[in-house]
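Shown next: coords09.txt, containing compact mmCIF, C-alpha atoms.
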```
# COMPACT_ATOMS: atom_id res chain seq x y z
CA MET K 1 -20.08 1.71 14.45
CA VAL K 2 -16.39 1.20 14.96
CA PRO K 3 -14.69 4.35 16.24
CA THR K 4 -12.25 6.03 13.92
CA GLU K 5 -9.36 5.48 16.30
CA TYR K 6 -9.44 1.75 15.59
CA PHE K 7 -8.83 2.32 11.90
CA LEU K 8 -6.05 4.77 12.65
CA VAL K 9 -4.36 2.25 14.93
CA ILE K 10 -4.40 -0.34 12.14
CA SER K 11 -3.09 2.29 9.74
CA ALA K 12 -0.26 3.12 12.13
CA ILE K 13 0.65 -0.54 12.58
CA LEU K 14 0.71 -1.19 8.86
CA PHE K 15 2.76 1.93 8.24
CA GLY K 16 5.34 0.89 10.82
CA LEU K 17 5.48 -2.60 9.36
CA GLY K 18 6.05 -1.16 5.90
CA ALA K 19 8.85 1.04 7.18
CA LEU K 20 10.42 -1.96 8.91
CA GLY K 21 10.25 -3.91 5.67
CA VAL K 22 12.02 -1.16 3.77
CA LEU K 23 14.81 -1.15 6.32
CA ILE K 24 15.31 -4.87 6.82
CA ARG K 25 14.87 -6.55 3.48
CA ARG K 26 17.48 -6.70 0.74
CA ASN K 27 15.35 -7.91 -2.11
CA PRO K 28 14.37 -4.75 -4.02
CA LEU K 29 10.99 -6.17 -4.92
CA VAL K 30 10.09 -6.82 -1.29
CA ILE K 31 11.30 -3.31 -0.45
CA PHE K 32 8.97 -1.97 -3.11
CA MET K 33 6.10 -4.01 -1.71
CA SER K 34 6.75 -2.55 1.73
CA VAL K 35 6.48 0.92 0.22
CA GLU K 36 3.10 -0.06 -1.22
CA LEU K 37 2.09 -1.27 2.22
CA MET K 38 2.94 2.16 3.63
CA LEU K 39 0.91 3.85 0.91
CA ASN K 40 -2.08 1.67 1.69
CA ALA K 41 -1.79 2.46 5.38
CA ALA K 42 -2.01 6.15 4.51
CA ASN K 43 -5.00 5.42 2.27
CA LEU K 44 -6.77 3.72 5.16
CA ALA K 45 -6.20 6.75 7.38
CA LEU K 46 -7.55 9.03 4.65
CA VAL K 47 -10.71 6.99 4.17
CA ALA K 48 -11.26 6.75 7.94
CA PHE K 49 -11.09 10.51 8.25
CA ALA K 50 -13.29 10.97 5.20
CA TYR K 51 -15.89 8.85 6.94
CA GLN K 52 -15.63 10.65 10.24
CA LEU K 53 -15.64 14.19 8.91
CA GLN K 54 -18.32 13.38 6.34
CA SER K 55 -16.23 14.72 3.51
CA ILE K 56 -15.77 13.13 0.12
CA THR K 57 -12.39 14.82 -0.30
CA GLY K 58 -10.59 12.03 1.50
CA GLN K 59 -11.90 9.45 -0.92
CA VAL K 60 -10.93 11.56 -3.93
CA LEU K 61 -7.43 11.90 -2.50
CA VAL K 62 -7.23 8.12 -2.07
CA PHE K 63 -8.27 7.78 -5.69
CA PHE K 64 -5.35 9.95 -6.71
CA VAL K 65 -2.95 8.13 -4.42
CA ILE K 66 -3.91 4.79 -5.98
CA THR K 67 -3.38 6.20 -9.46
CA VAL K 68 -0.01 7.71 -8.63
CA ALA K 69 1.03 4.48 -6.92
CA ALA K 70 0.19 2.58 -10.09
CA ALA K 71 2.38 4.91 -12.16
CA GLU K 72 5.16 4.65 -9.60
CA VAL K 73 5.05 0.86 -9.58
CA THR K 74 5.26 0.80 -13.36
CA VAL K 75 8.36 2.94 -13.55
CA GLY K 76 9.95 1.40 -10.45
CA LEU K 77 9.58 -2.14 -11.72
CA ALA K 78 10.97 -1.11 -15.11
CA ILE K 79 14.01 0.34 -13.33
CA ILE K 80 14.47 -2.78 -11.23
CA LEU K 81 14.22 -4.95 -14.30
CA ALA K 82 16.73 -2.82 -16.15
CA ILE K 83 19.24 -3.03 -13.30
CA PHE K 84 18.90 -6.62 -12.22
CA ARG K 85 18.22 -8.14 -15.60
CA ARG K 86 21.22 -10.39 -15.98
CA ARG K 87 22.20 -10.97 -12.40
CA GLU K 88 21.93 -14.15 -10.43
CA ASN K 89 20.63 -12.86 -7.15
CA VAL K 90 18.79 -9.62 -6.61
CA ASP K 91 20.33 -7.75 -3.74
CA VAL K 92 20.25 -4.02 -3.21
CA ASP K 93 23.54 -4.15 -1.36
CA ASP K 94 25.26 -4.95 -4.65
CA MET K 95 24.31 -1.53 -5.99
CA SER K 96 27.13 0.26 -4.22
CA SER K 97 29.16 1.67 -7.08
CA LEU K 98 28.31 5.23 -6.03
CA LYS K 99 29.60 4.59 -2.53
CA GLY K 100 32.21 7.06 -1.36
CA MET Y 101 -21.11 -5.56 18.51
CA ALA Y 102 -21.13 -7.14 15.07
CA PRO Y 103 -19.21 -4.33 13.32
CA THR Y 104 -16.52 -4.55 15.97
CA VAL Y 105 -16.17 -8.29 15.51
CA ILE Y 106 -15.95 -7.93 11.73
CA PHE Y 107 -13.41 -5.15 12.15
CA LEU Y 108 -11.30 -7.25 14.52
CA VAL Y 109 -11.28 -10.21 12.16
CA PHE Y 110 -10.13 -8.15 9.20
CA ALA Y 111 -7.69 -6.18 11.31
CA PHE Y 112 -6.10 -9.38 12.58
CA ILE Y 113 -5.77 -10.76 9.05
CA ALA Y 114 -4.37 -7.46 7.78
CA VAL Y 115 -1.70 -7.24 10.48
CA VAL Y 116 -0.73 -10.90 10.20
CA THR Y 117 -0.36 -10.70 6.42
CA GLY Y 118 1.55 -7.44 6.81
CA ILE Y 119 4.02 -9.19 9.08
CA GLY Y 120 4.15 -12.05 6.62
CA VAL Y 121 4.98 -9.71 3.74
CA ILE Y 122 8.08 -8.33 5.36
CA PHE Y 123 9.31 -11.52 7.01
CA SER Y 124 8.67 -14.05 4.28
CA ARG Y 125 11.73 -15.56 2.68
CA ASN Y 126 10.04 -16.22 -0.63
CA ALA Y 127 9.19 -13.13 -2.64
CA VAL Y 128 6.14 -14.77 -4.23
CA TYR Y 129 4.74 -15.49 -0.78
CA SER Y 130 5.22 -11.83 0.08
CA ALA Y 131 3.33 -10.77 -3.03
CA LEU Y 132 0.40 -13.11 -2.37
CA LEU Y 133 0.20 -12.12 1.28
CA LEU Y 134 0.13 -8.50 0.18
CA VAL Y 135 -2.84 -9.28 -2.05
CA VAL Y 136 -4.68 -10.68 0.99
CA ASN Y 137 -3.74 -7.52 2.86
CA PHE Y 138 -5.26 -5.40 0.09
CA PHE Y 139 -8.46 -7.40 0.27
CA CYS Y 140 -8.67 -6.73 4.01
CA LEU Y 141 -8.20 -3.04 3.33
CA ALA Y 142 -10.95 -3.18 0.72
CA ALA Y 143 -13.21 -4.68 3.42
CA PHE Y 144 -12.31 -1.73 5.65
CA TYR Y 145 -13.25 0.68 2.86
CA VAL Y 146 -16.65 -0.98 2.55
CA MET Y 147 -17.11 -0.61 6.31
CA LEU Y 148 -16.25 3.08 5.96
CA ASN Y 149 -18.88 3.62 3.26
CA ALA Y 150 -16.34 3.95 0.47
CA GLN Y 151 -17.63 1.16 -1.73
CA PHE Y 152 -16.33 2.64 -4.95
CA LEU Y 153 -12.86 2.90 -3.45
CA ALA Y 154 -13.05 -0.71 -2.31
CA ALA Y 155 -13.79 -1.76 -5.89
CA VAL Y 156 -10.98 0.44 -7.21
CA GLN Y 157 -8.60 -0.98 -4.63
CA VAL Y 158 -9.35 -4.56 -5.60
CA THR Y 159 -9.28 -3.84 -9.33
CA VAL Y 160 -6.23 -1.59 -9.55
CA TYR Y 161 -4.09 -2.50 -6.55
CA ALA Y 162 -4.74 -6.19 -6.09
CA GLY Y 163 -5.64 -6.87 -9.69
CA ALA Y 164 -3.12 -4.88 -11.70
CA ILE Y 165 -0.24 -3.70 -9.53
CA MET Y 166 0.29 -6.99 -7.73
CA VAL Y 167 0.05 -8.89 -11.01
CA LEU Y 168 2.89 -6.69 -12.27
CA PHE Y 169 4.82 -7.51 -9.14
CA VAL Y 170 4.36 -11.23 -9.56
CA PHE Y 171 5.46 -10.98 -13.20
CA VAL Y 172 8.67 -9.21 -12.25
CA ILE Y 173 9.34 -11.58 -9.36
CA MET Y 174 9.01 -14.53 -11.67
CA LEU Y 175 11.36 -12.88 -14.14
CA LEU Y 176 14.02 -11.90 -11.69
CA SER Y 177 14.46 -13.92 -8.57
CA PRO Y 178 13.54 -17.56 -8.83
CA ALA Y 179 15.85 -18.47 -6.01
CA ARG Y 180 14.75 -18.24 -2.43
CA GLU Y 181 16.34 -15.41 -0.60
CA GLN Y 182 18.16 -16.63 2.44
CA SER Y 183 19.79 -13.28 2.96
CA VAL Y 184 17.01 -12.00 5.21
CA PHE Y 185 18.61 -13.78 8.11
CA ARG Y 186 22.08 -12.85 7.00
CA SER Y 187 21.32 -9.16 7.18
CA MET Y 188 19.14 -9.67 10.23
CA ARG Y 189 22.19 -10.16 12.35
CA ARG Y 190 23.68 -6.90 11.19
CA GLN Y 191 20.79 -4.46 11.21
CA GLY Y 192 17.72 -6.46 12.05
CA LEU Y 193 18.46 -6.76 15.73
CA THR Y 194 18.44 -2.98 15.92
CA ALA Y 195 15.69 -2.36 13.43
CA ILE Y 196 13.00 -4.57 14.93
CA PRO Y 197 12.95 -3.08 18.45
CA LEU Y 198 13.14 0.41 16.99
CA ALA Y 199 10.28 -0.39 14.67
CA LEU Y 200 8.23 -1.68 17.58
CA ILE Y 201 8.87 1.53 19.49
CA PHE Y 202 7.92 3.51 16.40
CA ILE Y 203 4.69 1.58 15.96
CA GLY Y 204 3.91 1.98 19.65
CA LEU Y 205 4.41 5.72 19.50
CA LEU Y 206 2.26 6.03 16.39
CA VAL Y 207 -0.51 3.96 17.94
CA LEU Y 208 -0.34 6.07 21.08
CA ALA Y 209 -0.50 9.25 19.03
CA VAL Y 210 -3.53 8.31 16.97
CA SER Y 211 -5.52 6.66 19.70
CA THR Y 212 -5.28 9.30 22.39
CA GLY Y 213 -5.37 12.45 20.32
CA SER Y 214 -8.37 14.68 20.69
CA MET Y 215 -10.74 14.57 17.79
CA THR Y 216 -14.04 16.15 17.00
CA PRO Y 217 -16.92 13.94 18.03
CA MET Y 218 -17.88 11.61 15.25
CA ARG Y 219 -20.77 12.55 13.10
CA ASP Y 220 -22.71 9.83 11.41
CA GLY Y 221 -20.65 9.92 8.27
CA TYR Y 222 -22.23 9.07 5.00
CA SER Y 223 -25.45 7.33 5.70
CA LEU Y 224 -26.36 4.55 3.37
CA GLU Y 225 -29.48 6.38 2.20
CA GLU Y 226 -27.46 9.36 1.17
CA ILE Y 227 -25.11 7.26 -0.88
CA ASN Y 228 -28.02 5.47 -2.51
CA ARG Y 229 -29.69 8.76 -3.21
CA LEU Y 230 -26.55 9.98 -4.89
CA GLY Y 231 -26.49 6.85 -6.99
CA GLY Y 232 -23.80 4.86 -5.26
CA GLY Y 233 -20.30 5.69 -4.17
CA ALA Y 234 -19.11 6.17 -7.71
CA HIS Y 235 -21.49 9.06 -8.24
CA ALA Y 236 -20.41 10.75 -5.04
CA VAL Y 237 -16.73 10.53 -5.92
CA GLY Y 238 -17.23 11.36 -9.57
CA SER Y 239 -19.34 14.45 -8.99
CA VAL Y 240 -16.49 15.97 -7.02
CA LEU Y 241 -13.71 14.53 -9.15
CA PHE Y 242 -14.86 16.17 -12.36
CA THR Y 243 -15.83 19.53 -10.95
CA GLU Y 244 -13.69 20.53 -8.02
CA TYR Y 245 -10.67 18.35 -8.68
CA LEU Y 246 -10.61 18.53 -12.44
CA LEU Y 247 -7.08 19.92 -12.63
CA PRO Y 248 -5.49 17.17 -10.52
CA PHE Y 249 -7.44 14.67 -12.57
CA GLU Y 250 -6.00 15.94 -15.84
CA VAL Y 251 -2.52 16.21 -14.35
CA THR Y 252 -2.82 12.61 -13.19
CA SER Y 253 -3.62 11.49 -16.71
CA LEU Y 254 -0.49 13.31 -17.87
CA LEU Y 255 1.46 11.53 -15.15
CA LEU Y 256 0.21 8.18 -16.37
CA ILE Y 257 1.36 8.96 -19.90
CA ILE Y 258 4.78 9.95 -18.59
CA ALA Y 259 5.01 6.73 -16.60
CA LEU Y 260 4.02 4.72 -19.65
CA VAL Y 261 6.66 6.34 -21.83
CA GLY Y 262 9.25 5.92 -19.10
CA ALA Y 263 8.51 2.26 -18.65
CA ILE Y 264 8.73 1.60 -22.37
CA VAL Y 265 12.04 3.45 -22.68
CA LEU Y 266 13.48 1.60 -19.71
CA GLY Y 267 12.34 -1.72 -21.03
CA LYS Y 268 13.84 -1.49 -24.45
CA ARG Y 269 16.89 -3.57 -25.15
CA ARG Y 270 19.95 -1.71 -26.20
CA THR Y 271 20.32 -2.89 -29.78
```
Re-express the file's structure as structure tokens.
Amino acid sequence: MVPTEYFLVISAILFGLGALGVLIRRNPLVIFMSVELMLNAANLALVAFAYQLQSITGQVLVFFVITVAAAEVTVGLAIILAIFRRRENVDVDDMSSLKG
Amino acid sequence: MAPTVIFLVFAFIAVVTGIGVIFSRNAVYSALLLVVNFFCLAAFYVMLNAQFLAAVQVTVYAGAIMVLFVFVIMLLSPAREQSVFRSMRRQGLTAIPLALIFIGLLVLAVSTGSMTPMRDGYSLEEINRLGGGAHAVGSVLFTEYLLPFEVTSLLLIIALVGAIVLGKRRT
């Protein structure tokens, strides 16, 4: 069987890629997708540890993370739609009215 | 030998689609590549004896959340974003090497840390005896984690109300 470290390495790579996406991209939807990528990387780590330590708790936690991510995506997309509804190009750098 | 090959195939696809998500100029391409990424993760969950979670991942994440994403992308940004390379010159040249260092450090940390020797994990017979992965998760979800379960349902209602309020037009 594949050692747990392999899954954790993939989880780390995906998490770093998600963080890079949040920093680089300016489209708010792609930023949101990078956040989902990070959440999935954490889920993979949880399931890998649940397998190694023979505990079902990791899988239950992943279940909750998926549910909370669904709620977060719902509200986040509603916010993005409300902000960018009548604009031509979606760009988070335009949202700078609170800038000091 | 065979599990390692399967793992390497899915790992390669997962990493490549992950890179594609963040570097793709078209937002729809990013969404579809993310769906492929979720399928690879579902394959990992099956390898880790979490079959119920693999089904939940495909159904909820790839089937509902990404559909929402594609809807909103179609509503909002039909134009191709060429600003990835515009901002790349400002911050990207710093962000990408730093991200590579970050990923390297993370990989180093998880691959060389000391861990307890691996037990067998859930054997397939045990999962079948318990009636499949759904039974194993459910028997814990409704007894030991009942309170988080109920709180999560409350959270879903709150998210639903919030989305409806945010989506209403100001008439």
For this session: Please report as a PyMOL selection string which residues of chain Y come no farther than 6 Å from chain K, using all atoms listed in the file.
Result: chain Y and resi 104+122+148+192+199+203+206-207+211+218+221-222+256+259+263+266
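The coordinates place CA of Met174 (chain Y) at 17.0 Å from CA of Ala162 (chain Y).
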Please define a box with edges along x, y and z of the file around all atoms of region 49-59 of chain K given in the file, extend it by 8 Å on each side, and return its centre and edge lengths in Å to one decimal, as AutoDock Vina command-line options.
```
--center_x -14.5 --center_y 11.8 --center_z 4.7 --size_x 23.7 --size_y 22.0 --size_z 27.2
```
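Pairwise distance (CA of Ala111 (chain Y), CA of Gln191 (chain Y)) equals 28.5 Å.
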Exercise. Using all atoms listed in the file, which of the listed residues (Y:Ala127, Y:Met101, Y:Val109, Y:Val116) sits closest to Leu176 (chain Y)?
Worked result: Y:Ala127
Problem set entry | Val167 (chain Y) surroundings by only C-alpha atoms, 12 Å radius, close-in-sequence under 2 positions cut, as number ranges by chain | K: 70, 73-74, 77; Y: 128, 131-132, 134-135, 158-165, 169-174
For this session: Report the distance between CA of Gly233 (chain Y) and CA of Met147 (chain Y) in Å, rounded to one decimal place.
Result: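 Between these atoms lies a distance of 12.6 Å.
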Where atoms are absent from region 64-83 of chain K, fill them in so it carries N, CA, C and O atoms, then output it as a CSV table (one decimal), keeping the file's coordinate frame.
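Output file rebuild_15.csv is given in full below:
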```csv
chain,number,residue,atom,x,y,z
K,64,PHE,N,-6.6,9.5,-6.1
K,64,PHE,CA,-5.4,10.0,-6.7
K,64,PHE,C,-4.1,9.2,-6.2
K,64,PHE,O,-3.2,8.9,-7.0
K,65,VAL,N,-4.1,8.8,-4.9
K,65,VAL,CA,-3.0,8.1,-4.4
K,65,VAL,C,-2.8,6.8,-5.1
K,65,VAL,O,-1.7,6.3,-5.4
K,66,ILE,N,-4.0,6.1,-5.3
K,66,ILE,CA,-3.9,4.8,-6.0
K,66,ILE,C,-3.4,4.9,-7.4
K,66,ILE,O,-2.6,4.2,-7.9
K,67,THR,N,-3.8,6.0,-8.1
K,67,THR,CA,-3.4,6.2,-9.5
K,67,THR,C,-1.9,6.5,-9.5
K,67,THR,O,-1.1,5.9,-10.3
K,68,VAL,N,-1.4,7.4,-8.6
K,68,VAL,CA,0.0,7.7,-8.6
K,68,VAL,C,0.8,6.5,-8.2
K,68,VAL,O,1.9,6.3,-8.8
K,69,ALA,N,0.3,5.7,-7.3
K,69,ALA,CA,1.0,4.5,-6.9
K,69,ALA,C,1.1,3.5,-8.1
K,69,ALA,O,2.2,2.9,-8.3
K,70,ALA,N,0.1,3.4,-8.9
K,70,ALA,CA,0.2,2.6,-10.1
K,70,ALA,C,1.3,3.1,-11.0
K,70,ALA,O,2.1,2.3,-11.6
K,71,ALA,N,1.3,4.4,-11.3
K,71,ALA,CA,2.4,4.9,-12.2
K,71,ALA,C,3.8,4.7,-11.6
K,71,ALA,O,4.7,4.3,-12.3
K,72,GLU,N,3.9,4.8,-10.3
K,72,GLU,CA,5.2,4.6,-9.6
K,72,GLU,C,5.6,3.2,-9.7
K,72,GLU,O,6.8,2.9,-9.9
K,73,VAL,N,4.7,2.3,-9.5
K,73,VAL,CA,5.0,0.9,-9.6
K,73,VAL,C,5.5,0.5,-11.0
K,73,VAL,O,6.5,-0.2,-11.2
K,74,THR,N,4.9,1.1,-12.0
K,74,THR,CA,5.3,0.8,-13.4
K,74,THR,C,6.7,1.2,-13.6
K,74,THR,O,7.5,0.4,-14.0
K,75,VAL,N,7.0,2.5,-13.3
K,75,VAL,CA,8.4,2.9,-13.6
K,75,VAL,C,9.4,2.2,-12.7
K,75,VAL,O,10.5,1.9,-13.1
K,76,GLY,N,9.0,2.0,-11.4
K,76,GLY,CA,10.0,1.4,-10.4
K,76,GLY,C,10.3,0.0,-10.9
K,76,GLY,O,11.5,-0.4,-10.8
K,77,LEU,N,9.3,-0.8,-11.3
K,77,LEU,CA,9.6,-2.1,-11.7
K,77,LEU,C,10.4,-2.2,-13.0
K,77,LEU,O,11.3,-3.0,-13.2
K,78,ALA,N,10.2,-1.2,-13.9
K,78,ALA,CA,11.0,-1.1,-15.1
K,78,ALA,C,12.4,-0.8,-14.8
K,78,ALA,O,13.3,-1.4,-15.3
K,79,ILE,N,12.6,0.0,-13.8
K,79,ILE,CA,14.0,0.3,-13.3
K,79,ILE,C,14.7,-0.9,-12.7
K,79,ILE,O,15.8,-1.2,-13.0
K,80,ILE,N,13.9,-1.6,-11.9
K,80,ILE,CA,14.5,-2.8,-11.2
K,80,ILE,C,14.8,-3.8,-12.3
K,80,ILE,O,15.9,-4.5,-12.2
K,81,LEU,N,13.9,-4.0,-13.3
K,81,LEU,CA,14.2,-5.0,-14.3
K,81,LEU,C,15.5,-4.6,-15.1
K,81,LEU,O,16.3,-5.4,-15.4
K,82,ALA,N,15.6,-3.3,-15.4
K,82,ALA,CA,16.7,-2.8,-16.2
K,82,ALA,C,18.0,-3.0,-15.4
K,82,ALA,O,19.1,-3.3,-16.0
K,83,ILE,N,18.0,-2.9,-14.1
K,83,ILE,CA,19.2,-3.0,-13.3
K,83,ILE,C,19.6,-4.5,-13.1
K,83,ILE,O,20.7,-4.9,-13.3
```
